[in-house]
Amino acid sequence: MTTAATSSSSSASGCESRTAVFFGGVVPASAEEEHMAEQIGTMLAESGFTLVHGGYNGLMEAAARPRPPL
């Protein structure tokens with residue numbers, strides 16, 4: 001099971017901070033699922049979100065792969 005959640009908040013300086021949390025399961029992902037996680041990570045980055053995740057492999061890694069600078 002994979003879950004994504006988002007939140008927005010304003011700091012004391014008035015700047016909005018946007019964070020997305022991405023969780024993936026321990027079951028190995030298919031190539032299609034991995035590609036989808038990469039797309040989700042790219043869309044979140046392009047929308048200005050900071051990604052928070054807890055893994056170093058699988059779908060969480062795929063969502064957090066480096067992207068070219070915008």
# chains A, B, ... in the order shown; residues from 1 in each chain; ligands from 1
$ select_by_dssp --residues "range 10-68 of chain A" --states "strand (DSSP E or B)" --output "number ranges by chain"
A: 10, 16-23, 50-53
$ write_last_selection --atoms "all heavy atoms" --output "mmCIF file, in the first residue's frame"
data_model
loop_
_atom_site.group_PDB
_atom_site.id
_atom_site.type_symbol
_atom_site.label_atom_id
_atom_site.label_comp_id
_atom_site.auth_asym_id
_atom_site.auth_seq_id
_atom_site.Cartn_x
_atom_site.Cartn_y
_atom_site.Cartn_z
ATOM 1 N N SER A 10 1.915 28.419 7.082
ATOM 2 C CA SER A 10 2.665 29.663 6.937
ATOM 3 C C SER A 10 3.577 29.817 8.136
ATOM 4 O O SER A 10 3.201 29.524 9.270
ATOM 5 C CB SER A 10 1.717 30.859 6.853
ATOM 6 O OG SER A 10 0.966 30.795 5.676
ATOM 7 N N GLU A 16 4.769 30.605 2.773
ATOM 8 C CA GLU A 16 4.039 29.346 2.829
ATOM 9 C C GLU A 16 4.987 28.185 2.618
ATOM 10 O O GLU A 16 5.836 28.211 1.751
ATOM 11 C CB GLU A 16 2.951 29.306 1.761
ATOM 12 C CG GLU A 16 2.071 28.085 1.891
ATOM 13 C CD GLU A 16 0.912 28.095 0.932
ATOM 14 O OE1 GLU A 16 0.129 29.052 0.969
ATOM 15 O OE2 GLU A 16 0.805 27.143 0.154
ATOM 16 N N SER A 17 4.845 27.167 3.434
ATOM 17 C CA SER A 17 5.643 25.955 3.343
ATOM 18 C C SER A 17 4.706 24.817 2.971
ATOM 19 O O SER A 17 3.651 24.661 3.566
ATOM 20 C CB SER A 17 6.293 25.712 4.702
ATOM 21 O OG SER A 17 6.566 24.370 4.909
ATOM 22 N N ARG A 18 5.083 24.052 1.944
ATOM 23 C CA ARG A 18 4.237 22.944 1.496
ATOM 24 C C ARG A 18 5.033 21.656 1.594
ATOM 25 O O ARG A 18 6.114 21.540 1.048
ATOM 26 C CB ARG A 18 3.767 23.202 0.076
ATOM 27 C CG ARG A 18 2.856 24.416 0.006
ATOM 28 C CD ARG A 18 2.637 24.938 -1.383
ATOM 29 N NE ARG A 18 2.294 23.908 -2.327
ATOM 30 C CZ ARG A 18 1.428 24.037 -3.304
ATOM 31 N NH1 ARG A 18 0.809 25.171 -3.474
ATOM 32 N NH2 ARG A 18 1.194 23.052 -4.141
ATOM 33 N N THR A 19 4.462 20.684 2.292
ATOM 34 C CA THR A 19 5.130 19.414 2.533
ATOM 35 C C THR A 19 4.235 18.268 2.093
ATOM 36 O O THR A 19 3.037 18.289 2.336
ATOM 37 C CB THR A 19 5.454 19.251 4.036
ATOM 38 O OG1 THR A 19 6.245 20.358 4.457
ATOM 39 C CG2 THR A 19 6.206 17.959 4.302
ATOM 40 N N ALA A 20 4.830 17.282 1.444
ATOM 41 C CA ALA A 20 4.116 16.062 1.066
ATOM 42 C C ALA A 20 4.827 14.878 1.712
ATOM 43 O O ALA A 20 6.049 14.817 1.733
ATOM 44 C CB ALA A 20 4.104 15.900 -0.445
ATOM 45 N N VAL A 21 4.057 13.952 2.255
ATOM 46 C CA VAL A 21 4.600 12.743 2.875
ATOM 47 C C VAL A 21 4.239 11.565 1.986
ATOM 48 O O VAL A 21 3.083 11.401 1.605
ATOM 49 C CB VAL A 21 4.026 12.542 4.296
ATOM 50 C CG1 VAL A 21 4.580 11.281 4.920
ATOM 51 C CG2 VAL A 21 4.311 13.761 5.160
ATOM 52 N N PHE A 22 5.237 10.751 1.649
ATOM 53 C CA PHE A 22 5.037 9.610 0.756
ATOM 54 C C PHE A 22 5.475 8.350 1.478
ATOM 55 O O PHE A 22 6.623 8.234 1.881
ATOM 56 C CB PHE A 22 5.861 9.802 -0.521
ATOM 57 C CG PHE A 22 5.545 8.814 -1.602
ATOM 58 C CD1 PHE A 22 4.631 9.119 -2.585
ATOM 59 C CD2 PHE A 22 6.160 7.580 -1.631
ATOM 60 C CE1 PHE A 22 4.329 8.217 -3.590
ATOM 61 C CE2 PHE A 22 5.874 6.664 -2.635
ATOM 62 C CZ PHE A 22 4.957 6.984 -3.610
ATOM 63 N N PHE A 23 4.552 7.412 1.657
ATOM 64 C CA PHE A 23 4.844 6.132 2.302
ATOM 65 C C PHE A 23 4.623 5.009 1.314
ATOM 66 O O PHE A 23 3.651 5.021 0.565
ATOM 67 C CB PHE A 23 3.922 5.892 3.510
ATOM 68 C CG PHE A 23 4.185 6.794 4.666
ATOM 69 C CD1 PHE A 23 3.399 7.918 4.859
ATOM 70 C CD2 PHE A 23 5.201 6.532 5.548
ATOM 71 C CE1 PHE A 23 3.625 8.763 5.924
ATOM 72 C CE2 PHE A 23 5.453 7.366 6.623
ATOM 73 C CZ PHE A 23 4.654 8.495 6.811
ATOM 74 N N THR A 50 7.956 20.076 -0.601
ATOM 75 C CA THR A 50 9.098 19.366 -0.052
ATOM 76 C C THR A 50 8.619 17.953 0.246
ATOM 77 O O THR A 50 7.576 17.778 0.882
ATOM 78 C CB THR A 50 9.589 20.029 1.255
ATOM 79 O OG1 THR A 50 10.003 21.361 0.954
ATOM 80 C CG2 THR A 50 10.735 19.253 1.875
ATOM 81 N N LEU A 51 9.352 16.953 -0.206
ATOM 82 C CA LEU A 51 8.940 15.566 -0.022
ATOM 83 C C LEU A 51 9.588 14.986 1.224
ATOM 84 O O LEU A 51 10.792 15.085 1.412
ATOM 85 C CB LEU A 51 9.335 14.732 -1.248
ATOM 86 C CG LEU A 51 8.965 13.259 -1.220
ATOM 87 C CD1 LEU A 51 7.444 13.091 -1.176
ATOM 88 C CD2 LEU A 51 9.543 12.553 -2.427
ATOM 89 N N VAL A 52 8.769 14.354 2.058
ATOM 90 C CA VAL A 52 9.240 13.653 3.248
ATOM 91 C C VAL A 52 8.920 12.179 3.029
ATOM 92 O O VAL A 52 7.801 11.825 2.671
ATOM 93 C CB VAL A 52 8.522 14.163 4.516
ATOM 94 C CG1 VAL A 52 8.966 13.378 5.745
ATOM 95 C CG2 VAL A 52 8.763 15.646 4.705
ATOM 96 N N HIS A 53 9.928 11.319 3.225
ATOM 97 C CA HIS A 53 9.696 9.886 3.057
ATOM 98 C C HIS A 53 10.583 9.130 4.021
ATOM 99 O O HIS A 53 11.496 9.681 4.595
ATOM 100 C CB HIS A 53 9.952 9.447 1.610
ATOM 101 C CG HIS A 53 11.381 9.581 1.187
ATOM 102 N ND1 HIS A 53 12.266 8.538 1.266
ATOM 103 C CD2 HIS A 53 12.072 10.636 0.719
ATOM 104 C CE1 HIS A 53 13.459 8.949 0.849
ATOM 105 N NE2 HIS A 53 13.356 10.221 0.504
#
$ residues_around --residues "range 59-62 of chain A" --least-positions-apart "2" --cutoff "12 Å" --atoms "only C-alpha atoms" --output "MDAnalysis selection string"
chainID A and resid 1:4 20:42 51:57 64:67
$ select_by_dssp --residues "range 32-64 of chain A" --states "alpha helix (DSSP H)" --output "list of chain:residue names"
A:Glu32, A:Glu33, A:Glu34, A:His35, A:Met36, A:Ala37, A:Glu38, A:Gln39, A:Ile40, A:Gly41, A:Thr42, A:Met43, A:Leu44, A:Ala45, A:Glu46, A:Gly58, A:Leu59, A:Met60, A:Glu61, A:Ala62, A:Ala63, A:Ala64
